[in-house]
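Trainee: Please find my_file_3.cif (mmCIF, C-alpha atoms) on the next line:
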```
data_target
#
loop_
_atom_site.label_atom_id
_atom_site.label_comp_id
_atom_site.auth_asym_id
_atom_site.auth_seq_id
_atom_site.Cartn_x
_atom_site.Cartn_y
_atom_site.Cartn_z
CA MET A 1 1.83 1.72 9.78
CA LEU A 2 4.77 1.93 12.07
CA ASP A 3 7.67 -0.46 12.28
CA ASP A 4 10.10 1.89 13.96
CA PRO A 5 9.13 4.20 16.82
CA GLY A 6 11.95 6.59 15.94
CA LEU A 7 10.47 7.33 12.53
CA GLY A 8 7.03 7.69 14.10
CA THR A 9 8.32 10.45 16.34
CA LEU A 10 9.77 12.27 13.38
CA ALA A 11 6.45 11.98 11.58
CA ASP A 12 4.67 13.38 14.64
CA GLU A 13 6.85 16.47 14.66
CA GLY A 14 6.23 16.83 10.95
CA ALA A 15 2.46 16.60 11.44
CA ARG A 16 2.43 19.32 14.09
CA GLY A 17 4.52 21.55 11.86
CA LEU A 18 2.12 21.02 8.96
CA TYR A 19 -1.00 21.84 10.96
CA PRO A 20 -0.38 24.99 13.04
CA PHE A 21 -4.18 25.47 13.20
CA LEU A 22 -4.41 22.48 15.54
CA SER A 23 -4.07 24.72 18.59
CA PRO A 24 -7.56 24.95 20.12
CA GLY A 25 -9.80 27.94 19.59
CA ARG A 26 -8.05 29.22 16.48
CA ALA A 27 -9.57 27.29 13.65
CA ASP A 28 -12.78 27.37 11.67
CA LEU A 29 -13.85 24.60 9.30
CA GLY A 30 -13.15 26.59 6.13
CA ALA A 31 -9.62 27.40 7.27
CA VAL A 32 -8.96 23.79 8.25
CA LEU A 33 -10.22 22.45 4.92
CA ALA A 34 -8.11 25.03 3.08
CA GLU A 35 -5.08 23.93 5.09
CA ALA A 36 -5.93 20.29 4.38
CA ARG A 37 -5.99 21.03 0.65
CA ARG A 38 -2.63 22.79 0.86
CA SER A 39 -1.17 19.85 2.76
CA THR A 40 -2.37 17.38 0.08
CA GLU A 41 -0.80 19.50 -2.66
CA GLU A 42 2.50 19.58 -0.75
CA LYS A 43 2.51 15.82 -0.23
CA ALA A 44 1.73 15.15 -3.91
CA ALA A 45 4.69 17.36 -4.87
CA GLU A 46 6.92 15.74 -2.24
CA ILE A 47 6.33 12.14 -3.39
CA THR A 48 6.75 13.14 -7.04
CA ARG A 49 10.14 14.69 -6.20
CA LEU A 50 11.12 11.68 -4.10
CA ARG A 51 10.38 9.25 -6.96
CA TRP A 52 12.66 11.18 -9.30
CA GLN A 53 15.35 11.25 -6.64
CA VAL A 54 15.15 7.44 -6.40
CA ALA A 55 15.24 7.14 -10.20
CA GLU A 56 18.40 9.24 -10.34
CA VAL A 57 20.24 7.56 -7.49
CA ALA A 58 19.12 3.96 -8.03
CA GLY A 59 18.09 3.73 -11.72
CA ASP A 60 21.17 1.76 -12.82
CA GLU A 61 21.01 -0.55 -9.85
CA LEU A 62 17.29 -1.21 -10.43
CA ALA A 63 18.05 -2.30 -13.99
CA GLU A 64 20.87 -4.55 -12.81
CA CYS A 65 18.79 -6.03 -9.99
CA ALA A 66 15.85 -6.76 -12.31
CA GLN A 67 18.20 -8.48 -14.72
CA GLU A 68 19.54 -10.66 -11.90
CA MET A 69 15.96 -11.48 -10.84
CA ALA A 70 15.06 -12.39 -14.43
CA ILE A 71 18.06 -14.74 -14.59
CA ARG A 72 16.85 -16.46 -11.38
CA PHE A 73 13.27 -16.80 -12.64
CA ALA A 74 14.46 -18.11 -16.02
CA ALA A 75 16.44 -20.81 -14.18
CA GLY A 76 13.41 -21.90 -12.14
CA GLY A 77 13.88 -19.63 -9.12
CA ARG A 78 10.97 -18.46 -6.99
CA LEU A 79 10.41 -15.16 -5.16
CA PHE A 80 9.64 -14.82 -1.44
CA ALA A 81 8.52 -11.45 -0.04
CA PHE A 82 8.24 -10.34 3.59
CA GLY A 83 7.71 -7.31 5.82
CA ASN A 84 5.75 -6.14 8.87
CA GLY A 85 2.57 -4.09 9.20
CA GLY A 86 2.05 -1.89 6.13
CA SER A 87 5.14 -3.52 4.62
CA SER A 88 3.42 -6.93 4.97
CA THR A 89 0.75 -5.64 2.60
CA ASP A 90 3.57 -4.60 0.25
CA ALA A 91 4.98 -8.12 0.49
CA GLN A 92 1.57 -9.42 -0.59
CA GLU A 93 1.43 -6.87 -3.41
CA VAL A 94 4.90 -7.94 -4.59
CA ALA A 95 3.83 -11.60 -4.57
CA THR A 96 0.55 -11.09 -6.41
CA THR A 97 2.18 -8.70 -8.92
CA PHE A 98 4.66 -11.39 -9.96
CA LEU A 99 2.27 -14.34 -9.62
CA HIS A 100 -0.84 -12.82 -11.21
CA PRO A 101 0.27 -9.78 -13.18
CA PRO A 102 -2.05 -7.57 -15.25
CA CYS A 103 0.08 -8.52 -18.28
CA GLY A 104 3.26 -10.38 -19.08
CA LEU A 105 4.54 -13.64 -17.61
CA SER A 106 3.15 -15.21 -14.44
CA LEU A 107 6.04 -16.08 -12.13
CA PRO A 108 6.18 -18.09 -8.89
CA ALA A 109 6.04 -15.75 -5.88
CA LEU A 110 4.88 -16.11 -2.28
CA SER A 111 4.34 -13.62 0.52
CA LEU A 112 5.58 -15.01 3.85
CA THR A 113 3.03 -12.85 5.69
CA SER A 114 -0.10 -14.47 4.29
CA ASP A 115 -0.39 -17.75 6.18
CA VAL A 116 -1.71 -16.73 9.60
CA ALA A 117 -1.35 -20.26 10.95
CA VAL A 118 2.37 -20.38 10.14
CA VAL A 119 2.99 -16.79 11.28
CA THR A 120 1.24 -17.17 14.64
CA ALA A 121 2.64 -20.67 15.27
CA LEU A 122 6.23 -19.53 14.75
CA SER A 123 5.64 -16.33 16.76
CA ASN A 124 4.04 -18.15 19.65
CA ASP A 125 6.30 -21.19 19.81
CA VAL A 126 9.69 -19.79 18.81
CA GLY A 127 9.56 -15.99 18.54
CA PHE A 128 8.55 -13.23 16.19
CA ASP A 129 12.16 -12.67 15.14
CA VAL A 130 12.28 -15.96 13.22
CA VAL A 131 8.87 -15.68 11.58
CA PHE A 132 10.31 -15.17 8.08
CA ALA A 133 13.71 -16.83 8.49
CA ARG A 134 12.17 -20.17 9.46
CA GLN A 135 9.89 -20.11 6.42
CA LEU A 136 12.84 -19.40 4.15
CA ALA A 137 14.79 -22.22 5.79
CA ALA A 138 11.96 -24.59 4.88
CA LEU A 139 10.99 -23.26 1.44
CA GLY A 140 13.99 -21.41 0.06
CA ARG A 141 16.75 -22.86 -2.09
CA ARG A 142 19.76 -21.65 -4.04
CA GLY A 143 18.69 -19.51 -6.98
CA ASP A 144 15.52 -18.19 -5.31
CA ILE A 145 14.90 -14.51 -4.62
CA ALA A 146 14.24 -12.87 -1.21
CA VAL A 147 12.57 -9.44 -1.23
CA GLY A 148 12.26 -7.84 2.22
CA LEU A 149 10.72 -4.48 3.07
CA SER A 150 11.25 -2.35 6.17
CA THR A 151 10.58 1.39 6.27
CA SER A 152 13.14 1.86 9.05
CA GLY A 153 15.54 -0.84 7.88
CA GLY A 154 15.50 -2.10 11.46
CA SER A 155 12.87 -4.86 11.54
CA PHE A 156 14.67 -7.72 13.24
CA ASN A 157 12.70 -10.50 11.57
CA VAL A 158 13.53 -9.00 8.15
CA LEU A 159 17.25 -8.90 9.06
CA LYS A 160 17.18 -12.54 10.22
CA ALA A 161 15.36 -13.56 7.04
CA PHE A 162 18.04 -11.97 4.86
CA GLU A 163 20.78 -13.75 6.81
CA GLU A 164 19.00 -17.06 6.21
CA ALA A 165 18.39 -16.24 2.53
CA ALA A 166 22.06 -15.36 2.01
CA ARG A 167 23.13 -18.60 3.74
CA ARG A 168 20.96 -20.52 1.29
CA GLY A 169 22.41 -18.78 -1.78
CA MET A 170 19.31 -16.75 -2.61
CA LEU A 171 19.41 -13.36 -4.36
CA THR A 172 18.68 -10.83 -1.59
CA VAL A 173 16.85 -7.56 -2.35
CA GLY A 174 16.11 -5.11 0.47
CA LEU A 175 13.89 -2.02 0.51
CA ALA A 176 14.42 0.43 3.36
CA GLY A 177 13.98 4.10 4.16
CA ASP A 178 15.69 7.07 5.74
CA GLN A 179 19.40 6.04 6.04
CA GLY A 180 18.73 2.34 5.54
CA GLY A 181 18.95 1.47 9.26
CA ARG A 182 20.47 -1.86 10.25
CA LEU A 183 19.82 -3.25 6.77
CA ALA A 184 22.50 -0.88 5.46
CA ASP A 185 25.08 -2.47 7.79
CA LEU A 186 23.97 -6.08 7.34
CA GLY A 187 26.61 -6.94 4.76
CA VAL A 188 24.73 -9.84 3.15
CA LEU A 189 22.45 -7.98 0.76
CA ASP A 190 22.96 -8.15 -2.99
CA TYR A 191 20.81 -5.05 -3.46
CA LEU A 192 19.47 -2.44 -1.04
CA PHE A 193 17.20 0.37 -2.20
CA VAL A 194 16.99 3.13 0.40
CA ILE A 195 14.30 5.81 0.12
CA PRO A 196 15.85 9.04 1.41
CA SER A 197 12.97 10.39 3.49
CA SER A 198 12.13 10.56 7.21
CA SER A 199 8.38 10.14 6.56
CA VAL A 200 7.16 6.55 6.94
CA HIS A 201 4.31 7.32 4.53
CA ARG A 202 6.46 8.79 1.75
CA ILE A 203 8.96 5.91 2.19
CA GLN A 204 6.18 3.34 1.70
CA GLU A 205 4.86 5.19 -1.35
CA ALA A 206 8.27 5.33 -3.02
CA GLN A 207 8.95 1.67 -2.10
CA THR A 208 5.74 0.76 -3.93
CA THR A 209 7.17 2.40 -7.03
CA VAL A 210 10.52 0.63 -6.58
CA TYR A 211 9.01 -2.87 -6.50
CA HIS A 212 6.58 -2.11 -9.33
CA VAL A 213 9.49 -0.87 -11.47
CA LEU A 214 11.51 -3.97 -10.52
CA TRP A 215 8.59 -6.13 -11.65
CA GLU A 216 8.24 -4.22 -14.91
CA LEU A 217 11.97 -4.40 -15.65
CA THR A 218 12.06 -8.11 -14.78
CA GLN A 219 9.29 -8.70 -17.33
CA HIS A 220 11.27 -6.60 -19.80
CA ALA A 221 14.43 -8.62 -19.17
CA LEU A 222 12.48 -11.86 -19.70
CA GLY A 223 11.32 -10.56 -23.06
CA ALA A 224 7.69 -9.94 -22.04
CA VAL A 225 6.19 -6.69 -23.28
CA PRO A 226 5.06 -4.50 -20.35
CA GLY A 227 2.70 -1.66 -21.29
CA PRO A 228 0.21 -2.68 -18.58
CA ARG A 229 -3.27 -1.24 -18.73
CA ALA A 230 -5.86 -0.98 -15.99
CA ARG A 231 -8.41 -3.12 -17.83
CA GLY A 232 -8.95 -6.38 -16.06
CA ALA A 233 -6.65 -5.42 -13.20
CA GLY A 234 -9.38 -5.56 -10.58
CA MET B 1 26.90 -9.32 -15.81
CA PRO B 2 26.27 -6.33 -18.08
CA VAL B 3 22.75 -4.96 -18.23
CA THR B 4 21.16 -5.27 -21.66
CA SER B 5 20.97 -2.06 -23.65
CA THR B 6 17.20 -1.64 -23.55
CA MET B 7 16.99 -1.79 -19.74
CA HIS B 8 18.14 1.77 -19.03
CA PRO B 9 15.57 3.50 -21.25
CA ALA B 10 12.96 1.23 -19.66
CA VAL B 11 13.87 2.57 -16.20
CA GLY B 12 13.47 6.20 -17.31
CA GLU B 13 10.21 5.42 -19.07
CA ALA B 14 8.81 3.66 -16.00
CA PHE B 15 9.52 6.61 -13.69
CA ALA B 16 8.28 9.16 -16.24
CA ARG B 17 4.94 7.30 -16.40
CA ARG B 18 4.45 8.04 -12.67
CA ASP B 19 5.00 11.75 -12.96
CA ARG B 20 1.71 13.00 -14.41
CA ALA B 21 -0.46 10.89 -12.11
CA GLY B 22 1.60 11.96 -9.10
CA ARG B 23 1.16 15.63 -9.84
CA ALA B 24 -2.54 15.21 -10.74
CA LEU B 25 -3.25 14.07 -7.18
CA ALA B 26 -2.95 17.68 -6.05
CA ALA B 27 -6.02 18.53 -8.15
CA ASP B 28 -8.05 16.17 -5.98
CA SER B 29 -7.15 17.99 -2.76
CA GLU B 30 -10.62 19.45 -2.27
CA ARG B 31 -12.41 16.12 -2.80
CA ILE B 32 -9.99 14.46 -0.39
CA ALA B 33 -10.57 17.12 2.28
CA HIS B 34 -14.35 16.73 2.02
CA ALA B 35 -14.20 12.93 2.12
CA CYS B 36 -12.06 13.20 5.28
CA ARG B 37 -14.64 15.45 6.91
CA GLU B 38 -17.39 12.92 6.20
CA MET B 39 -15.23 10.13 7.61
CA ALA B 40 -14.25 12.07 10.74
CA VAL B 41 -17.94 12.73 11.47
CA ARG B 42 -18.71 9.00 11.27
CA PHE B 43 -15.76 7.95 13.40
CA ARG B 44 -16.93 10.52 16.00
CA ARG B 45 -20.36 8.85 15.97
CA GLY B 46 -18.75 5.50 16.69
CA GLY B 47 -18.73 4.29 13.10
CA LYS B 48 -16.12 1.94 11.70
CA LEU B 49 -14.38 1.78 8.35
CA ILE B 50 -15.09 -1.33 6.26
CA VAL B 51 -12.54 -1.74 3.47
CA PHE B 52 -12.37 -4.13 0.52
CA GLY B 53 -10.61 -4.73 -2.76
CA SER B 54 -9.78 -7.61 -5.09
CA GLY B 55 -6.36 -8.80 -6.18
CA GLY B 56 -3.81 -6.12 -5.41
CA GLY B 57 -6.69 -3.99 -4.11
CA GLY B 58 -6.95 -6.48 -1.27
CA THR B 59 -3.46 -5.53 -0.12
CA ASP B 60 -4.58 -1.89 -0.10
CA ALA B 61 -7.60 -2.82 2.03
CA ALA B 62 -5.24 -4.46 4.55
CA HIS B 63 -2.88 -1.46 4.45
CA ILE B 64 -5.71 1.03 5.01
CA THR B 65 -6.93 -1.02 7.95
CA VAL B 66 -3.54 -1.13 9.65
CA GLU B 67 -3.12 2.64 9.16
CA PHE B 68 -6.27 3.30 11.17
CA MET B 69 -5.93 0.45 13.68
CA HIS B 70 -2.24 1.01 14.48
CA PRO B 71 -1.41 4.67 13.78
CA VAL B 72 2.05 5.59 12.54
CA ILE B 73 2.16 8.57 14.88
CA VAL B 74 2.70 7.58 18.50
CA GLY B 75 -0.20 8.65 20.71
CA LYS B 76 -2.80 8.93 17.93
CA LYS B 77 -6.06 7.15 18.71
CA ALA B 78 -6.68 3.83 17.00
CA LEU B 79 -9.84 4.10 14.89
CA PRO B 80 -11.90 1.00 14.07
CA ALA B 81 -11.31 -0.48 10.62
CA LEU B 82 -11.85 -3.91 9.09
CA ALA B 83 -10.56 -5.38 5.82
CA LEU B 84 -12.97 -7.85 4.22
CA SER B 85 -10.39 -9.37 1.85
CA ASN B 86 -8.16 -10.92 4.55
CA ASP B 87 -10.22 -13.92 5.59
CA SER B 88 -9.45 -16.40 2.84
CA ALA B 89 -11.85 -18.99 4.34
CA THR B 90 -14.80 -16.60 4.03
CA VAL B 91 -13.69 -15.11 0.72
CA THR B 92 -13.26 -18.50 -0.95
CA GLY B 93 -16.33 -19.88 0.85
CA VAL B 94 -18.67 -17.14 -0.36
CA SER B 95 -17.00 -17.23 -3.76
CA GLY B 96 -17.68 -20.96 -4.07
CA ARG B 97 -21.28 -20.92 -2.88
CA GLU B 98 -22.72 -17.50 -3.78
CA GLY B 99 -20.17 -16.53 -6.42
CA PRO B 100 -17.14 -14.20 -6.52
CA ALA B 101 -19.31 -11.09 -6.99
CA GLU B 102 -20.80 -11.57 -3.50
CA VAL B 103 -17.63 -11.93 -1.39
CA PHE B 104 -17.74 -8.36 -0.01
CA ALA B 105 -21.49 -7.66 -0.20
CA HIS B 106 -22.15 -10.73 1.97
CA GLN B 107 -19.74 -9.56 4.65
CA VAL B 108 -20.95 -5.94 4.46
CA ARG B 109 -24.49 -7.12 5.25
CA GLN B 110 -23.26 -8.87 8.43
CA TRP B 111 -20.98 -6.11 9.68
CA ALA B 112 -22.57 -2.83 8.65
CA ASP B 113 -23.97 -0.37 11.18
CA PRO B 114 -25.59 2.85 9.97
CA ALA B 115 -22.72 5.10 11.16
CA ASP B 116 -20.14 3.00 9.28
CA MET B 117 -18.19 3.83 6.16
CA ALA B 118 -17.46 1.52 3.23
CA LEU B 119 -14.28 2.05 1.22
CA GLY B 120 -13.83 0.04 -1.98
CA VAL B 121 -10.54 -0.14 -3.90
CA SER B 122 -10.63 -1.07 -7.60
CA ARG B 123 -7.79 -0.07 -9.90
CA ASP B 124 -9.98 -0.09 -13.00
CA GLY B 125 -13.31 0.65 -11.29
CA ASP B 126 -14.83 -2.47 -12.85
CA CYS B 127 -14.31 -5.04 -10.14
CA GLU B 128 -17.72 -6.64 -9.75
CA ASN B 129 -17.34 -7.65 -6.10
CA VAL B 130 -16.20 -4.14 -5.14
CA LEU B 131 -19.19 -2.70 -7.03
CA ARG B 132 -21.55 -5.08 -5.23
CA GLY B 133 -19.93 -4.29 -1.87
CA LEU B 134 -20.31 -0.54 -2.38
CA ALA B 135 -23.89 -0.83 -3.69
CA THR B 136 -24.89 -2.99 -0.71
CA ALA B 137 -23.26 -0.58 1.75
CA ARG B 138 -25.11 2.30 0.16
CA GLU B 139 -28.45 0.49 0.38
CA LEU B 140 -27.76 0.04 4.09
CA GLY B 141 -27.20 3.79 4.49
CA LEU B 142 -23.41 3.76 4.89
CA PHE B 143 -21.14 6.53 3.67
CA THR B 144 -19.42 5.07 0.59
CA LEU B 145 -16.04 6.00 -0.83
CA ALA B 146 -14.21 4.47 -3.80
CA LEU B 147 -10.56 4.60 -4.84
CA VAL B 148 -10.34 3.90 -8.57
CA GLY B 149 -8.12 4.56 -11.58
CA GLY B 150 -8.42 4.99 -15.34
CA ASP B 151 -11.82 6.40 -16.27
CA GLY B 152 -13.34 5.13 -13.01
CA GLY B 153 -15.06 2.27 -14.83
CA ALA B 154 -18.44 1.04 -13.64
CA VAL B 155 -17.91 2.60 -10.19
CA VAL B 156 -18.33 5.98 -11.87
CA ARG B 157 -20.84 4.90 -14.56
CA ARG B 158 -23.18 3.24 -12.06
CA GLY B 159 -22.67 5.90 -9.40
CA VAL B 160 -22.30 3.37 -6.60
CA ALA B 161 -20.26 5.60 -4.26
CA ASP B 162 -20.89 8.93 -2.52
CA HIS B 163 -17.27 9.98 -3.08
CA VAL B 164 -14.92 8.76 -5.80
CA LEU B 165 -11.19 9.50 -5.88
CA THR B 166 -9.64 8.64 -9.25
CA ALA B 167 -5.91 8.15 -9.82
CA ALA B 168 -5.05 9.70 -13.19
CA SER B 169 -3.47 6.67 -14.87
CA ASP B 170 -4.45 3.57 -16.84
CA ASP B 171 -1.50 1.61 -15.48
CA PRO B 172 -2.67 -0.47 -12.49
CA ALA B 173 0.77 -0.29 -10.83
CA VAL B 174 0.78 3.50 -11.02
CA VAL B 175 -2.84 3.63 -9.84
CA LYS B 176 -1.85 1.67 -6.74
CA GLU B 177 1.02 4.03 -6.00
CA ILE B 178 -1.30 7.05 -6.16
CA HIS B 179 -3.82 5.20 -3.99
CA VAL B 180 -1.18 4.61 -1.32
CA THR B 181 -0.46 8.34 -1.11
CA THR B 182 -4.19 9.06 -1.17
CA TYR B 183 -5.02 6.82 1.78
CA HIS B 184 -2.02 8.02 3.75
CA ILE B 185 -3.40 11.54 3.34
CA LEU B 186 -6.94 10.36 4.14
CA TRP B 187 -5.72 8.83 7.38
CA GLU B 188 -3.80 11.93 8.41
CA LEU B 189 -6.57 14.42 7.62
CA VAL B 190 -9.24 12.26 9.24
CA HIS B 191 -7.24 12.55 12.46
CA VAL B 192 -6.85 16.31 12.08
CA LEU B 193 -10.62 16.69 11.79
CA TYR B 194 -11.45 13.97 14.32
CA GLU B 195 -9.46 15.86 16.95
CA GLN B 196 -11.45 19.05 16.30
CA PRO B 197 -15.01 17.81 16.96
CA GLY B 198 -16.36 21.35 17.21
CA LEU B 199 -15.40 21.88 13.57
CA ILE B 200 -17.36 18.91 12.28
CA GLY B 201 -20.44 19.63 14.37
CA GLU B 202 -19.97 16.69 16.70
CA LYS B 203 -19.72 16.47 20.49
CA ALA B 204 -16.22 16.30 21.94
CA THR B 205 -17.09 13.35 24.16
CA ALA B 206 -17.42 10.69 21.46
#
```
For this file, produce the structure as structure tokens.
Mentor:
Amino acid sequence: MLDDPGLGTLADEGARGLYPFLSPGRADLGAVLAEARRSTEEKAAEITRLRWQVAEVAGDELAECAQEMAIRFAAGGRLFAFGNGGSSTDAQEVATTFLHPPCGLSLPALSLTSDVAVVTALSNDVGFDVVFARQLAALGRRGDIAVGLSTSGGSFNVLKAFEEAARRGMLTVGLAGDQGGRLADLGVLDYLFVIPSSSVHRIQEAQTTVYHVLWELTQHALGAVPGPRARGAG
Amino acid sequence: MPVTSTMHPAVGEAFARRDRAGRALAADSERIAHACREMAVRFRRGGKLIVFGSGGGGTDAAHITVEFMHPVIVGKKALPALALSNDSATVTGVSGREGPAEVFAHQVRQWADPADMALGVSRDGDCENVLRGLATARELGLFTLALVGGDGGAVVRRGVADHVLTAASDDPAVVKEIHVTTYHILWELVHVLYEQPGLIGEKATA
């Protein structure tokens, strides 16, 4: 999924570089499948490296952020998650992970991307830029938690939502990629986790790890034992 | 406020748990390449991708759909894909009347054409509605693919899918992370093969 054309262009150049056999008349199926296998192996190694990079750079901050989230939940705070395209599915994953976890404590969490009536009404009547901010203005209160995801860091409706969340005294947690985009300059975020990659796909994959680790550490901070197992996870 | 002393080891442990599964994905490269070839052939024939999953797997179904419908790379063709877990009216409606096991199978029966593909996501491989969805798709002659974790659960034991890709972890969070990389790769390689119709034995005009 694309939420920044600039990153898409980078990915395109990357794809052409990875598949030199794409020029017509050169390839046979065996060679293409061999190249496909090599490409998969490279990507598996790349995301594994990227995760460790994030652990090294952001490990301490992840622990601190999870502790702050746990304090909010313990005091009755709720979590609101938002993002566009592929990141909207991450927002839903964040919400269901906290609300209906495979183990540990169930905590109140809502994805602001799930109610199509609200999303299309706000987009149609006011504008897409306010689609998350308006929901936070109605639902959010001091002591709640706002988690916003943007691979580019430039999604305008995510920026507006964070401004609204900060105004309301919510804990603000951003996930971005590359250099962090406009989210890095926003100045209202309590925490911003930037995945240092120019690939939208690798950014999304590492962001998935970041919010899963935040969930796990939040459970840990609340005294719930993690150790999740696949059984019963769907 | 200071972070409690057990938090830092917990961070390291959480990232370490991802490492083995992340590296194990490379061992699946051949299976992934062959699944992509099968999918590219069906897209060339006008088939669509029908995706479903329960719980967190439903978010993967939506993510897979948006990858194909709105490609990350500018200029790539949108390929038809549909997530069956998004329509909460239908999902809760079928669940209430026919039971939760039927929520995907019911929709598969209405949407499936013979050239289509069914992709089921189940982090433990035991999700009954995903199993029923895959089994129904297979009965209807669709190409069936499953993304699972752990030991593959009943998806593997009952052999309900033509291709199974298993993330090498018992932790559902880690399984999801490996699945995300897997379907990103699936999307990319499907396009590589789709754009070379001569290679997959299909006409270039599709």
Trainee: Which residue, A:Val200, A:Ile145, A:Ala224, A:Leu107, has the smallest gap to chain B when you use all atoms listed in the file?
Mentor: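 Going through A:Val200, A:Ile145, A:Ala224, A:Leu107 one by one, the smallest distance to chain B is for A:Val200.
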Trainee: If I take CA of Ala168 in chain B and CA of Ala63 in chain A, how far is one from the other in Å, to one decimal?
Mentor: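 Computed distance, CA of Ala168 in chain B to CA of Ala63 in chain A, equals 26.0 Å.
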Trainee: Using only C-alpha atoms, which of the listed residues (B:Gly56, B:Pro9, B:Gly120, B:Gly96) sits closest to chain A?
Mentor: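 Nearest candidate to chain A out of B:Gly56, B:Pro9, B:Gly120, B:Gly96: B:Gly56.
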Trainee: Could you tell me which residues the PyMOL selection byres ((chain B and resi 106) around 12) grabs in this file, written as a ChimeraX atom specification?
Mentor: /B:52,84-85,90-91,93-95,97-105,107-112,129-130,132-137
Trainee: Once the PyMOL selection byres ((chain B) within 6 of (chain A)) has been applied to the shown file, what residues remain in the selection, as an NGL selection string?
Mentor: :B and (3 or 7 or 22-23 or 26 or 29-30 or 33 or 54 or 56 or 59 or 63 or 67 or 71-73 or 122-124 or 127 or 170-172 or 199)
